[in-house]
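Asks: Following this line is upload05.pdb, made up of PDB, C-alpha atoms:
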ATOM      1  CA  ALA F  49     -68.017 -57.167 -20.103  1.00  0.00           C
ATOM      2  CA  PRO F  50     -65.720 -55.039 -22.256  1.00  0.00           C
ATOM      3  CA  VAL F  51     -67.069 -53.903 -25.627  1.00  0.00           C
ATOM      4  CA  GLN F  52     -65.280 -52.180 -28.489  1.00  0.00           C
ATOM      5  CA  HIS F  53     -67.443 -50.840 -31.269  1.00  0.00           C
ATOM      6  CA  VAL F  54     -65.815 -51.391 -34.624  1.00  0.00           C
ATOM      7  CA  GLY F  55     -66.486 -49.532 -37.854  1.00  0.00           C
ATOM      8  CA  ARG F  56     -66.388 -51.574 -41.062  1.00  0.00           C
ATOM      9  CA  GLU F  57     -66.470 -50.808 -44.742  1.00  0.00           C
ATOM     10  CA  GLY F  58     -67.223 -53.394 -47.378  1.00  0.00           C
ATOM     11  CA  ARG F  59     -66.690 -53.535 -51.121  1.00  0.00           C
ATOM     12  CA  GLN F  60     -70.219 -53.287 -52.428  1.00  0.00           C
ATOM     13  CA  ARG F  61     -69.222 -54.191 -55.979  1.00  0.00           C
ATOM     14  CA  SER F  62     -67.149 -57.249 -55.141  1.00  0.00           C
ATOM     15  CA  PRO F  63     -68.886 -60.622 -55.592  1.00  0.00           C
ATOM     16  CA  ASP F  64     -68.536 -61.624 -51.917  1.00  0.00           C
ATOM     17  CA  ARG F  65     -69.370 -58.178 -50.493  1.00  0.00           C
ATOM     18  CA  GLY F  66     -66.554 -58.759 -47.992  1.00  0.00           C
ATOM     19  CA  VAL F  67     -65.132 -56.351 -45.420  1.00  0.00           C
ATOM     20  CA  ALA F  68     -62.275 -54.432 -46.990  1.00  0.00           C
ATOM     21  CA  PHE F  69     -61.036 -52.834 -43.776  1.00  0.00           C
ATOM     22  CA  SER F  70     -62.160 -51.895 -40.264  1.00  0.00           C
ATOM     23  CA  TRP F  71     -61.230 -49.332 -37.631  1.00  0.00           C
ATOM     24  CA  ALA F  72     -61.527 -49.086 -33.873  1.00  0.00           C
ATOM     25  CA  GLY F  73     -64.524 -47.136 -32.614  1.00  0.00           C
ATOM     26  CA  SER F  74     -65.689 -46.265 -29.105  1.00  0.00           C
ATOM     27  CA  LYS F  75     -64.912 -48.466 -26.114  1.00  0.00           C
ATOM     28  CA  ALA F  76     -67.269 -49.362 -23.276  1.00  0.00           C
ATOM     29  CA  ALA F  77     -67.483 -51.804 -20.389  1.00  0.00           C
ATOM     30  CA  SER F  78     -70.264 -52.968 -18.090  1.00  0.00           C
ATOM     31  CA  LEU F  79     -70.322 -54.979 -14.886  1.00  0.00           C
ATOM     32  CA  SER F  80     -72.955 -57.109 -13.155  1.00  0.00           C
ATOM     33  CA  ILE F  81     -72.787 -58.268  -9.529  1.00  0.00           C
ATOM     34  CA  ARG F  82     -75.060 -61.066  -8.254  1.00  0.00           C
ATOM     35  CA  LEU F  83     -76.050 -61.094  -4.587  1.00  0.00           C
ATOM     36  CA  ARG F  84     -78.011 -63.459  -2.361  1.00  0.00           C
ATOM     37  CA  THR F  85     -78.342 -61.161   0.651  1.00  0.00           C
ATOM     38  CA  VAL F  86     -79.385 -57.525   0.518  1.00  0.00           C
ATOM     39  CA  SER F  87     -78.602 -54.865   3.124  1.00  0.00           C
ATOM     40  CA  ASP F  88     -80.257 -51.463   3.381  1.00  0.00           C
ATOM     41  CA  TYR F  89     -77.341 -49.945   1.484  1.00  0.00           C
ATOM     42  CA  ILE F  90     -77.625 -52.493  -1.331  1.00  0.00           C
ATOM     43  CA  TRP F  91     -81.352 -51.692  -1.621  1.00  0.00           C
ATOM     44  CA  THR F  92     -80.439 -48.091  -2.417  1.00  0.00           C
ATOM     45  CA  LEU F  93     -78.090 -49.277  -5.177  1.00  0.00           C
ATOM     46  CA  LEU F  94     -80.703 -51.659  -6.614  1.00  0.00           C
ATOM     47  CA  THR F  95     -83.373 -48.959  -6.733  1.00  0.00           C
ATOM     48  CA  GLY F  96     -81.277 -45.863  -7.332  1.00  0.00           C
ATOM     49  CA  GLY F  97     -82.956 -44.624  -4.189  1.00  0.00           C
ATOM     50  CA  VAL F  98     -82.427 -42.748  -0.958  1.00  0.00           C
ATOM     51  CA  PHE F  99     -83.248 -44.111   2.519  1.00  0.00           C
ATOM     52  CA  THR F 100     -85.204 -41.894   4.898  1.00  0.00           C
ATOM     53  CA  ASP F 101     -86.104 -42.753   8.492  1.00  0.00           C
ATOM     54  CA  VAL F 102     -89.581 -41.492   9.330  1.00  0.00           C
ATOM     55  CA  ALA F 103     -90.448 -41.252  13.024  1.00  0.00           C
ATOM     56  CA  ALA F 104     -93.725 -42.461  14.504  1.00  0.00           C
ATOM     57  CA  GLY F 105     -96.552 -39.952  14.209  1.00  0.00           C
ATOM     58  CA  SER F 106     -99.214 -38.602  16.514  1.00  0.00           C
ATOM     59  CA  PRO F 107    -102.546 -40.426  16.923  1.00  0.00           C
ATOM     60  CA  VAL F 108    -105.137 -39.739  14.208  1.00  0.00           C
ATOM     61  CA  THR F 109    -108.885 -39.886  14.841  1.00  0.00           C
ATOM     62  CA  ASN F 110    -111.904 -40.115  12.550  1.00  0.00           C
ATOM     63  CA  PHE F 111    -110.102 -40.636   9.261  1.00  0.00           C
ATOM     64  CA  THR F 112    -112.972 -41.122   6.810  1.00  0.00           C
ATOM     65  CA  PHE F 113    -112.846 -43.950   4.254  1.00  0.00           C
ATOM     66  CA  PRO F 114    -114.729 -43.743   0.924  1.00  0.00           C
ATOM     67  CA  SER F 115    -118.435 -44.593   0.924  1.00  0.00           C
ATOM     68  CA  GLY F 116    -119.827 -47.523  -1.039  1.00  0.00           C
ATOM     69  CA  LEU F 117    -117.431 -50.147   0.299  1.00  0.00           C
ATOM     70  CA  GLN F 118    -118.223 -53.778  -0.398  1.00  0.00           C
ATOM     71  CA  VAL F 119    -117.234 -57.045   1.246  1.00  0.00           C
ATOM     72  CA  GLY F 120    -113.881 -58.232  -0.084  1.00  0.00           C
ATOM     73  CA  GLN F 121    -112.500 -54.781  -0.773  1.00  0.00           C
ATOM     74  CA  VAL F 122    -109.345 -53.525   0.918  1.00  0.00           C
ATOM     75  CA  ILE F 123    -109.219 -50.076   2.478  1.00  0.00           C
ATOM     76  CA  LYS F 124    -105.985 -48.135   2.902  1.00  0.00           C
ATOM     77  CA  PHE F 125    -104.979 -45.977   5.837  1.00  0.00           C
ATOM     78  CA  PRO F 126    -102.777 -42.944   5.057  1.00  0.00           C
ATOM     79  CA  ALA F 127     -99.874 -44.447   7.039  1.00  0.00           C
ATOM     80  CA  MET F 128     -98.171 -47.784   7.703  1.00  0.00           C
ATOM     81  CA  ASN F 129     -96.819 -49.797  10.632  1.00  0.00           C
ATOM     82  CA  LEU F 130     -99.971 -48.869  12.547  1.00  0.00           C
ATOM     83  CA  SER F 131    -100.904 -49.335  16.175  1.00  0.00           C
ATOM     84  CA  ALA F 132    -104.001 -48.545  18.258  1.00  0.00           C
ATOM     85  CA  VAL F 133    -106.289 -49.149  15.271  1.00  0.00           C
ATOM     86  CA  THR F 134    -110.061 -48.808  15.614  1.00  0.00           C
ATOM     87  CA  ILE F 135    -112.618 -48.847  12.790  1.00  0.00           C
ATOM     88  CA  LYS F 136    -116.114 -47.585  13.454  1.00  0.00           C
ATOM     89  CA  ASP F 137    -119.185 -46.489  11.518  1.00  0.00           C
ATOM     90  CA  SER F 138    -120.657 -42.999  11.131  1.00  0.00           C
ATOM     91  CA  THR F 139    -123.837 -43.199  13.201  1.00  0.00           C
ATOM     92  CA  GLY F 140    -124.459 -40.690  15.985  1.00  0.00           C
ATOM     93  CA  SER F 141    -123.269 -43.249  18.527  1.00  0.00           C
ATOM     94  CA  PRO F 142    -120.598 -44.984  16.419  1.00  0.00           C
ATOM     95  CA  VAL F 143    -120.618 -48.770  16.252  1.00  0.00           C
ATOM     96  CA  THR F 144    -117.123 -50.170  16.569  1.00  0.00           C
ATOM     97  CA  ALA F 145    -116.250 -52.777  13.939  1.00  0.00           C
ATOM     98  CA  VAL F 146    -114.824 -56.030  15.273  1.00  0.00           C
ATOM     99  CA  ALA F 147    -111.444 -57.211  14.007  1.00  0.00           C
ATOM    100  CA  GLY F 148    -111.746 -60.714  12.585  1.00  0.00           C
ATOM    101  CA  THR F 149    -115.522 -60.279  12.072  1.00  0.00           C
ATOM    102  CA  HIS F 150    -115.896 -57.037  10.139  1.00  0.00           C
ATOM    103  CA  TYR F 151    -112.326 -56.606   8.902  1.00  0.00           C
ATOM    104  CA  GLU F 152    -108.915 -58.221   8.693  1.00  0.00           C
ATOM    105  CA  LEU F 153    -106.132 -55.796   9.564  1.00  0.00           C
ATOM    106  CA  ASP F 154    -102.599 -55.720   8.172  1.00  0.00           C
ATOM    107  CA  PRO F 155    -101.050 -53.045  10.420  1.00  0.00           C
ATOM    108  CA  VAL F 156     -97.642 -53.069   8.729  1.00  0.00           C
ATOM    109  CA  ALA F 157     -99.120 -52.378   5.288  1.00  0.00           C
ATOM    110  CA  GLY F 158    -101.740 -50.052   6.745  1.00  0.00           C
ATOM    111  CA  THR F 159    -104.651 -51.898   5.125  1.00  0.00           C
ATOM    112  CA  ALA F 160    -107.844 -53.637   6.210  1.00  0.00           C
ATOM    113  CA  LYS F 161    -109.867 -56.156   4.203  1.00  0.00           C
ATOM    114  CA  ILE F 162    -113.637 -55.835   4.633  1.00  0.00           C
ATOM    115  CA  LEU F 163    -115.140 -59.133   5.824  1.00  0.00           C
ATOM    116  CA  SER F 164    -118.631 -57.951   6.741  1.00  0.00           C
ATOM    117  CA  LEU F 165    -120.604 -54.711   6.789  1.00  0.00           C
ATOM    118  CA  ALA F 166    -123.493 -56.080   8.819  1.00  0.00           C
ATOM    119  CA  GLY F 167    -124.747 -53.490  11.320  1.00  0.00           C
ATOM    120  CA  LEU F 168    -122.373 -50.770  10.075  1.00  0.00           C
ATOM    121  CA  THR F 169    -123.331 -47.455   8.490  1.00  0.00           C
ATOM    122  CA  GLN F 170    -120.953 -46.023   5.905  1.00  0.00           C
ATOM    123  CA  PRO F 171    -118.722 -44.153   5.561  1.00  0.00           C
ATOM    124  CA  LEU F 172    -116.468 -45.996   7.945  1.00  0.00           C
ATOM    125  CA  LYS F 173    -113.974 -44.046  10.042  1.00  0.00           C
ATOM    126  CA  GLY F 174    -110.634 -45.056  11.496  1.00  0.00           C
ATOM    127  CA  ASP F 175    -108.461 -44.155  14.456  1.00  0.00           C
ATOM    128  CA  TYR F 176    -104.782 -45.117  14.328  1.00  0.00           C
ATOM    129  CA  THR F 177    -101.250 -44.172  15.287  1.00  0.00           C
ATOM    130  CA  PRO F 178     -98.610 -44.136  12.524  1.00  0.00           C
ATOM    131  CA  GLY F 179     -95.494 -46.141  13.376  1.00  0.00           C
ATOM    132  CA  ALA F 180     -91.872 -45.473  12.521  1.00  0.00           C
ATOM    133  CA  VAL F 181     -90.853 -46.633   9.041  1.00  0.00           C
ATOM    134  CA  LYS F 182     -87.873 -46.623   6.713  1.00  0.00           C
ATOM    135  CA  ILE F 183     -88.656 -45.407   3.205  1.00  0.00           C
ATOM    136  CA  ILE F 184     -86.637 -45.839   0.024  1.00  0.00           C
ATOM    137  CA  GLY F 185     -87.432 -43.091  -2.449  1.00  0.00           C
ATOM    138  CA  ALA F 186     -86.600 -44.922  -5.680  1.00  0.00           C
ATOM    139  CA  LEU F 187     -84.752 -43.266  -8.579  1.00  0.00           C
ATOM    140  CA  LYS F 188     -83.960 -40.112  -6.610  1.00  0.00           C
ATOM    141  CA  ALA F 189     -80.286 -40.682  -5.738  1.00  0.00           C
ATOM    142  CA  PRO F 190     -77.712 -38.548  -7.575  1.00  0.00           C
ATOM    143  CA  ASP F 191     -75.337 -40.239  -9.990  1.00  0.00           C
ATOM    144  CA  VAL F 192     -72.191 -41.284  -8.132  1.00  0.00           C
ATOM    145  CA  ASP F 193     -69.031 -42.931  -9.434  1.00  0.00           C
ATOM    146  CA  TYR F 194     -67.531 -45.707  -7.292  1.00  0.00           C
ATOM    147  CA  THR F 195     -64.189 -47.457  -7.285  1.00  0.00           C
ATOM    148  CA  LEU F 196     -64.904 -51.181  -7.007  1.00  0.00           C
ATOM    149  CA  VAL F 197     -62.312 -53.706  -5.881  1.00  0.00           C
ATOM    150  CA  PHE F 198     -62.838 -57.422  -6.475  1.00  0.00           C
ATOM    151  CA  ASN F 199     -60.628 -59.525  -4.205  1.00  0.00           C
ATOM    152  CA  GLY F 200     -60.729 -63.044  -5.624  1.00  0.00           C
ATOM    153  CA  THR F 201     -59.249 -66.333  -4.436  1.00  0.00           C
ATOM    154  CA  ASN F 202     -59.512 -69.547  -6.433  1.00  0.00           C
ATOM    155  CA  SER F 203     -60.913 -72.159  -4.045  1.00  0.00           C
ATOM    156  CA  VAL F 204     -59.070 -74.965  -5.856  1.00  0.00           C
ATOM    157  CA  ASP F 205     -55.478 -73.738  -5.918  1.00  0.00           C
ATOM    158  CA  ASN F 206     -55.679 -70.528  -3.835  1.00  0.00           C
ATOM    159  CA  SER F 207     -54.430 -68.453  -6.766  1.00  0.00           C
ATOM    160  CA  ARG F 208     -55.366 -64.779  -6.514  1.00  0.00           C
ATOM    161  CA  VAL F 209     -56.723 -62.105  -8.819  1.00  0.00           C
ATOM    162  CA  ILE F 210     -57.552 -58.541  -7.804  1.00  0.00           C
ATOM    163  CA  GLY F 211     -59.828 -56.491 -10.021  1.00  0.00           C
ATOM    164  CA  GLU F 212     -59.933 -52.711  -9.646  1.00  0.00           C
ATOM    165  CA  PHE F 213     -62.670 -50.871 -11.536  1.00  0.00           C
ATOM    166  CA  TYR F 214     -61.967 -47.153 -11.492  1.00  0.00           C
ATOM    167  CA  ARG F 215     -65.242 -45.309 -12.235  1.00  0.00           C
ATOM    168  CA  PHE F 216     -68.223 -47.615 -11.877  1.00  0.00           C
ATOM    169  CA  ARG F 217     -71.736 -46.157 -11.937  1.00  0.00           C
ATOM    170  CA  PHE F 218     -74.669 -48.272 -10.742  1.00  0.00           C
ATOM    171  CA  ALA F 219     -77.827 -48.318 -12.826  1.00  0.00           C
ATOM    172  CA  ALA F 220     -81.267 -49.193 -11.459  1.00  0.00           C
ATOM    173  CA  GLU F 221     -82.226 -51.486 -14.309  1.00  0.00           C
ATOM    174  CA  GLY F 222     -83.255 -55.064 -14.928  1.00  0.00           C
ATOM    175  CA  GLY F 223     -85.654 -57.330 -13.039  1.00  0.00           C
ATOM    176  CA  MET F 224     -85.995 -57.326  -9.253  1.00  0.00           C
ATOM    177  CA  ALA F 225     -88.193 -60.153  -7.974  1.00  0.00           C
ATOM    178  CA  LEU F 226     -89.671 -59.238  -4.591  1.00  0.00           C
ATOM    179  CA  ILE F 227     -91.487 -62.597  -4.202  1.00  0.00           C
ATOM    180  CA  GLN F 228     -89.527 -65.776  -4.879  1.00  0.00           C
ATOM    181  CA  THR F 229     -90.129 -69.451  -4.124  1.00  0.00           C
ATOM    182  CA  GLU F 230     -86.431 -70.269  -3.796  1.00  0.00           C
ATOM    183  CA  ALA F 231     -83.326 -68.563  -2.444  1.00  0.00           C
ATOM    184  CA  GLY F 232     -83.371 -65.105  -3.948  1.00  0.00           C
ATOM    185  CA  GLU F 233     -80.724 -63.655  -6.196  1.00  0.00           C
ATOM    186  CA  TYR F 234     -80.403 -59.951  -6.945  1.00  0.00           C
ATOM    187  CA  GLN F 235     -78.276 -58.363  -9.616  1.00  0.00           C
ATOM    188  CA  LEU F 236     -76.532 -55.013  -9.517  1.00  0.00           C
ATOM    189  CA  ASN F 237     -75.849 -53.615 -12.964  1.00  0.00           C
ATOM    190  CA  GLY F 238     -73.802 -50.678 -14.090  1.00  0.00           C
ATOM    191  CA  SER F 239     -71.287 -49.287 -16.508  1.00  0.00           C
ATOM    192  CA  LEU F 240     -67.673 -48.221 -16.360  1.00  0.00           C
ATOM    193  CA  GLN F 241     -66.807 -44.633 -17.241  1.00  0.00           C
ATOM    194  CA  LYS F 242     -63.410 -43.698 -18.618  1.00  0.00           C
ATOM    195  CA  ASP F 243     -61.116 -42.343 -15.903  1.00  0.00           C
ATOM    196  CA  GLU F 244     -59.508 -39.389 -17.613  1.00  0.00           C
ATOM    197  CA  THR F 245     -57.198 -38.804 -14.644  1.00  0.00           C
ATOM    198  CA  ARG F 246     -55.288 -41.877 -15.862  1.00  0.00           C
ATOM    199  CA  LEU F 247     -53.295 -41.993 -19.061  1.00  0.00           C
ATOM    200  CA  VAL F 248     -54.425 -44.391 -21.763  1.00  0.00           C
ATOM    201  CA  SER F 249     -50.786 -45.526 -21.900  1.00  0.00           C
ATOM    202  CA  SER F 250     -50.686 -46.293 -18.150  1.00  0.00           C
ATOM    203  CA  THR F 251     -50.162 -49.877 -17.026  1.00  0.00           C
ATOM    204  CA  GLY F 252     -53.739 -50.276 -15.816  1.00  0.00           C
ATOM    205  CA  GLY F 253     -55.456 -48.363 -18.600  1.00  0.00           C
ATOM    206  CA  GLN F 254     -58.389 -45.994 -18.048  1.00  0.00           C
ATOM    207  CA  TYR F 255     -61.246 -48.385 -17.183  1.00  0.00           C
ATOM    208  CA  TYR F 256     -60.098 -51.251 -14.965  1.00  0.00           C
ATOM    209  CA  ARG F 257     -57.217 -53.533 -14.263  1.00  0.00           C
ATOM    210  CA  LEU F 258     -56.786 -57.160 -13.181  1.00  0.00           C
ATOM    211  CA  VAL F 259     -53.753 -57.881 -10.992  1.00  0.00           C
ATOM    212  CA  GLN F 260     -52.153 -61.238 -10.168  1.00  0.00           C
ATOM    213  CA  PRO F 261     -49.059 -61.870  -8.068  1.00  0.00           C
ATOM    214  CA  ALA F 262     -45.956 -62.594 -10.091  1.00  0.00           C
ATOM    215  CA  ALA F 263     -44.688 -66.160  -9.927  1.00  0.00           C
TER
END
Could you rewrite the structure in this file as structure tokens?

Replies:
Amino acid sequence: APVQHVGREGRQRSPDRGVAFSWAGSKAASLSIRLRTVSDYIWTLLTGGVFTDVAAGSPVTNFTFPSGLQVGQVIKFPAMNLSAVTIKDSTGSPVTAVAGTHYELDPVAGTAKILSLAGLTQPLKGDYTPGAVKIIGALKAPDVDYTLVFNGTNSVDNSRVIGEFYRFRFAAEGGMALIQTEAGEYQLNGSLQKDETRLVSSTGGQYYRLVQPAA
């Protein structure tokens, strides 16, 4: 969406207070891209983030959860994508909690919901093995300018239009619904920077150009 800011000056003493003259101000342009499928790379653009692959960790024993837990609360392990999970109490001969009776485990999230504390002495302790995960560190990617090319074909008459956007910078802004009841739609937003390597008098200008084949 191209925008040109315009300065205006009115005649304050005239009866209609009309605009006497105006002048061109700064120019700007933004671009939004709507997507229905999201790859790992697109996630980094949506979040302004950086992907990191974290390898599986070594087994951990006797991680101590906070005391004073109550039925219905959710406890959090220090890792995610867990395997070999055991929860036990802190008596001299530890009593092992039973999955489905004492707790409900979500190994991917690394959480357990307390269902019952009957026969267990707090604080509870956990054994687990951290699994491999992919992590997006949001809002940590450096600012990068991209050249975007839109290759369009009209489905009715097969006419073509090619859009070339010279210096586009993605911005992690706007809503991003992670839970949706219908087919999801994600929107990439950003702004166009002036490409000062191109002359303002050049055929395609300094921001973007739209190209169609000559008849």

Asks: Name every residue that the PyMOL selection byres ((chain F and resi 151-156) around 12) selects in this structure, writing the answer as a PyMOL selection string with chains first and numbers rising.

Replies: chain F and resi 117-136+144-150+157-166+168+172+174+176-182

Asks: CA of Val259 in chain F to CA of Thr201 in chain F: how many Å, to one decimal?

Replies: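 These atoms are spaced 12.0 Å apart.
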
Asks: Could you jot down the CA of Ile183 in chain F to CA of Val102 in chain F separation for me, Å, one decimal place?

Replies: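 About the pair CA of Ile183 in chain F and CA of Val102 in chain F: they are 7.3 Å apart.
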
Asks: Just to confirm, what's the straight-line distance from CA of Ser80 in chain F to CA of Ala262 in chain F in Å (one decimal)?

Replies: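 About the pair CA of Ser80 in chain F and CA of Ala262 in chain F: they are 27.7 Å apart.
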
Asks: Contacts of Leu236 in chain F at 9 Å or less, counting only C-alpha atoms, minus same-chain residues fewer than 4 places along, as a PyMOL selection string?

Replies: chain F and resi 79-83+90+93-94+218-222

Asks: Out of F:Ser87, F:Ser138, F:Ser239, F:Thr169, which residue has the shortest atom-to-atom distance to Phe111 in chain F when counting all atoms listed in the file?

Replies: F:Ser138

Asks: Compare F:Ser141, F:Pro190, F:Gly116, F:Gly200 by their minimum atom-to-atom distance to Pro171 in chain F, counting all atoms listed in the file, and give me the closest one.

Replies: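 Answer, going by the shortest atom-to-atom distance: F:Gly116.
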
Asks: Using all atoms listed in the file for the distances, tell me which of F:Asp205, F:Glu244, F:Asp175, F:Asp137 is nearest to Thr109 in chain F.

Replies: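 Under the stated criterion, the closest residue is F:Asp175.
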
Asks: Would you mind telling me which residue in F:Asp88, F:Ser207, F:Asn110, F:Phe198 lies nearest to Pro261 in chain F when using all atoms listed in the file?

Replies: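 Closest to Pro261 in chain F of all the choices is F:Ser207.
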
Asks: Which residues are close to Phe213 in chain F, i.e. within 9 Å by only C-alpha atoms, leaving aside same-chain residues fewer than 6 positions away? Reply as an mmCIF file with C-alpha atoms, keeping the file's coordinate frame.

Replies:
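Written file, result.cif:
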data_model
loop_
_atom_site.group_PDB
_atom_site.id
_atom_site.type_symbol
_atom_site.label_atom_id
_atom_site.label_comp_id
_atom_site.auth_asym_id
_atom_site.auth_seq_id
_atom_site.Cartn_x
_atom_site.Cartn_y
_atom_site.Cartn_z
ATOM 1 C CA TYR F 194 -67.531 -45.707 -7.292
ATOM 2 C CA THR F 195 -64.189 -47.457 -7.285
ATOM 3 C CA LEU F 196 -64.904 -51.181 -7.007
ATOM 4 C CA VAL F 197 -62.312 -53.706 -5.881
ATOM 5 C CA PHE F 198 -62.838 -57.422 -6.475
ATOM 6 C CA LEU F 240 -67.673 -48.221 -16.360
ATOM 7 C CA TYR F 255 -61.246 -48.385 -17.183
ATOM 8 C CA TYR F 256 -60.098 -51.251 -14.965
ATOM 9 C CA ARG F 257 -57.217 -53.533 -14.263
ATOM 10 C CA LEU F 258 -56.786 -57.160 -13.181
#

Asks: Can you complete the atoms of range 111-118 of chain F to all heavy atoms and list them as an mmCIF file, in the frame of the given file?

Replies:
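The resulting file, rebuild-v8.cif, is shown below:
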data_model
loop_
_atom_site.group_PDB
_atom_site.id
_atom_site.type_symbol
_atom_site.label_atom_id
_atom_site.label_comp_id
_atom_site.auth_asym_id
_atom_site.auth_seq_id
_atom_site.Cartn_x
_atom_site.Cartn_y
_atom_site.Cartn_z
ATOM 1 N N PHE F 111 -110.435 -40.659 10.687
ATOM 2 C CA PHE F 111 -110.102 -40.636 9.261
ATOM 3 C C PHE F 111 -111.252 -41.305 8.507
ATOM 4 O O PHE F 111 -111.651 -42.425 8.834
ATOM 5 C CB PHE F 111 -108.796 -41.373 8.973
ATOM 6 C CG PHE F 111 -108.515 -41.531 7.500
ATOM 7 C CD1 PHE F 111 -108.019 -40.470 6.766
ATOM 8 C CD2 PHE F 111 -108.784 -42.731 6.850
ATOM 9 C CE1 PHE F 111 -107.779 -40.601 5.407
ATOM 10 C CE2 PHE F 111 -108.545 -42.875 5.497
ATOM 11 C CZ PHE F 111 -108.037 -41.803 4.768
ATOM 12 N N THR F 112 -111.784 -40.629 7.505
ATOM 13 C CA THR F 112 -112.972 -41.122 6.810
ATOM 14 C C THR F 112 -112.588 -41.883 5.548
ATOM 15 O O THR F 112 -111.903 -41.353 4.668
ATOM 16 C CB THR F 112 -113.899 -39.953 6.433
ATOM 17 O OG1 THR F 112 -114.259 -39.239 7.635
ATOM 18 C CG2 THR F 112 -115.175 -40.464 5.765
ATOM 19 N N PHE F 113 -113.064 -43.133 5.449
ATOM 20 C CA PHE F 113 -112.846 -43.950 4.254
ATOM 21 C C PHE F 113 -113.933 -43.646 3.220
ATOM 22 O O PHE F 113 -114.997 -43.111 3.555
ATOM 23 C CB PHE F 113 -112.868 -45.433 4.617
ATOM 24 C CG PHE F 113 -111.747 -45.844 5.527
ATOM 25 C CD1 PHE F 113 -111.977 -46.016 6.892
ATOM 26 C CD2 PHE F 113 -110.472 -46.052 5.044
ATOM 27 C CE1 PHE F 113 -110.950 -46.383 7.743
ATOM 28 C CE2 PHE F 113 -109.433 -46.422 5.893
ATOM 29 C CZ PHE F 113 -109.675 -46.594 7.244
ATOM 30 N N PRO F 114 -113.718 -44.001 1.951
ATOM 31 C CA PRO F 114 -114.729 -43.743 0.924
ATOM 32 C C PRO F 114 -116.035 -44.494 1.213
ATOM 33 O O PRO F 114 -116.030 -45.582 1.799
ATOM 34 C CB PRO F 114 -114.073 -44.264 -0.357
ATOM 35 C CG PRO F 114 -112.613 -44.269 -0.076
ATOM 36 C CD PRO F 114 -112.474 -44.577 1.387
ATOM 37 N N SER F 115 -117.139 -43.926 0.809
ATOM 38 C CA SER F 115 -118.435 -44.593 0.924
ATOM 39 C C SER F 115 -118.573 -45.646 -0.181
ATOM 40 O O SER F 115 -117.802 -45.666 -1.148
ATOM 41 C CB SER F 115 -119.575 -43.575 0.811
ATOM 42 O OG SER F 115 -119.517 -42.642 1.872
ATOM 43 N N GLY F 116 -119.561 -46.511 -0.020
ATOM 44 C CA GLY F 116 -119.827 -47.523 -1.039
ATOM 45 C C GLY F 116 -118.929 -48.734 -0.972
ATOM 46 O O GLY F 116 -118.781 -49.463 -1.960
ATOM 47 N N LEU F 117 -118.299 -48.978 0.162
ATOM 48 C CA LEU F 117 -117.431 -50.147 0.299
ATOM 49 C C LEU F 117 -118.246 -51.428 0.221
ATOM 50 O O LEU F 117 -119.408 -51.477 0.633
ATOM 51 C CB LEU F 117 -116.677 -50.093 1.627
ATOM 52 C CG LEU F 117 -115.693 -48.934 1.811
ATOM 53 C CD1 LEU F 117 -115.113 -48.958 3.219
ATOM 54 C CD2 LEU F 117 -114.586 -48.994 0.775
ATOM 55 N N GLN F 118 -117.595 -52.482 -0.294
ATOM 56 C CA GLN F 118 -118.223 -53.778 -0.398
ATOM 57 C C GLN F 118 -117.336 -54.834 0.245
ATOM 58 O O GLN F 118 -116.122 -54.657 0.374
ATOM 59 C CB GLN F 118 -118.487 -54.136 -1.866
ATOM 60 C CG GLN F 118 -119.435 -53.172 -2.575
ATOM 61 C CD GLN F 118 -119.686 -53.569 -4.007
ATOM 62 O OE1 GLN F 118 -119.450 -54.706 -4.401
ATOM 63 N NE2 GLN F 118 -120.173 -52.631 -4.812
#
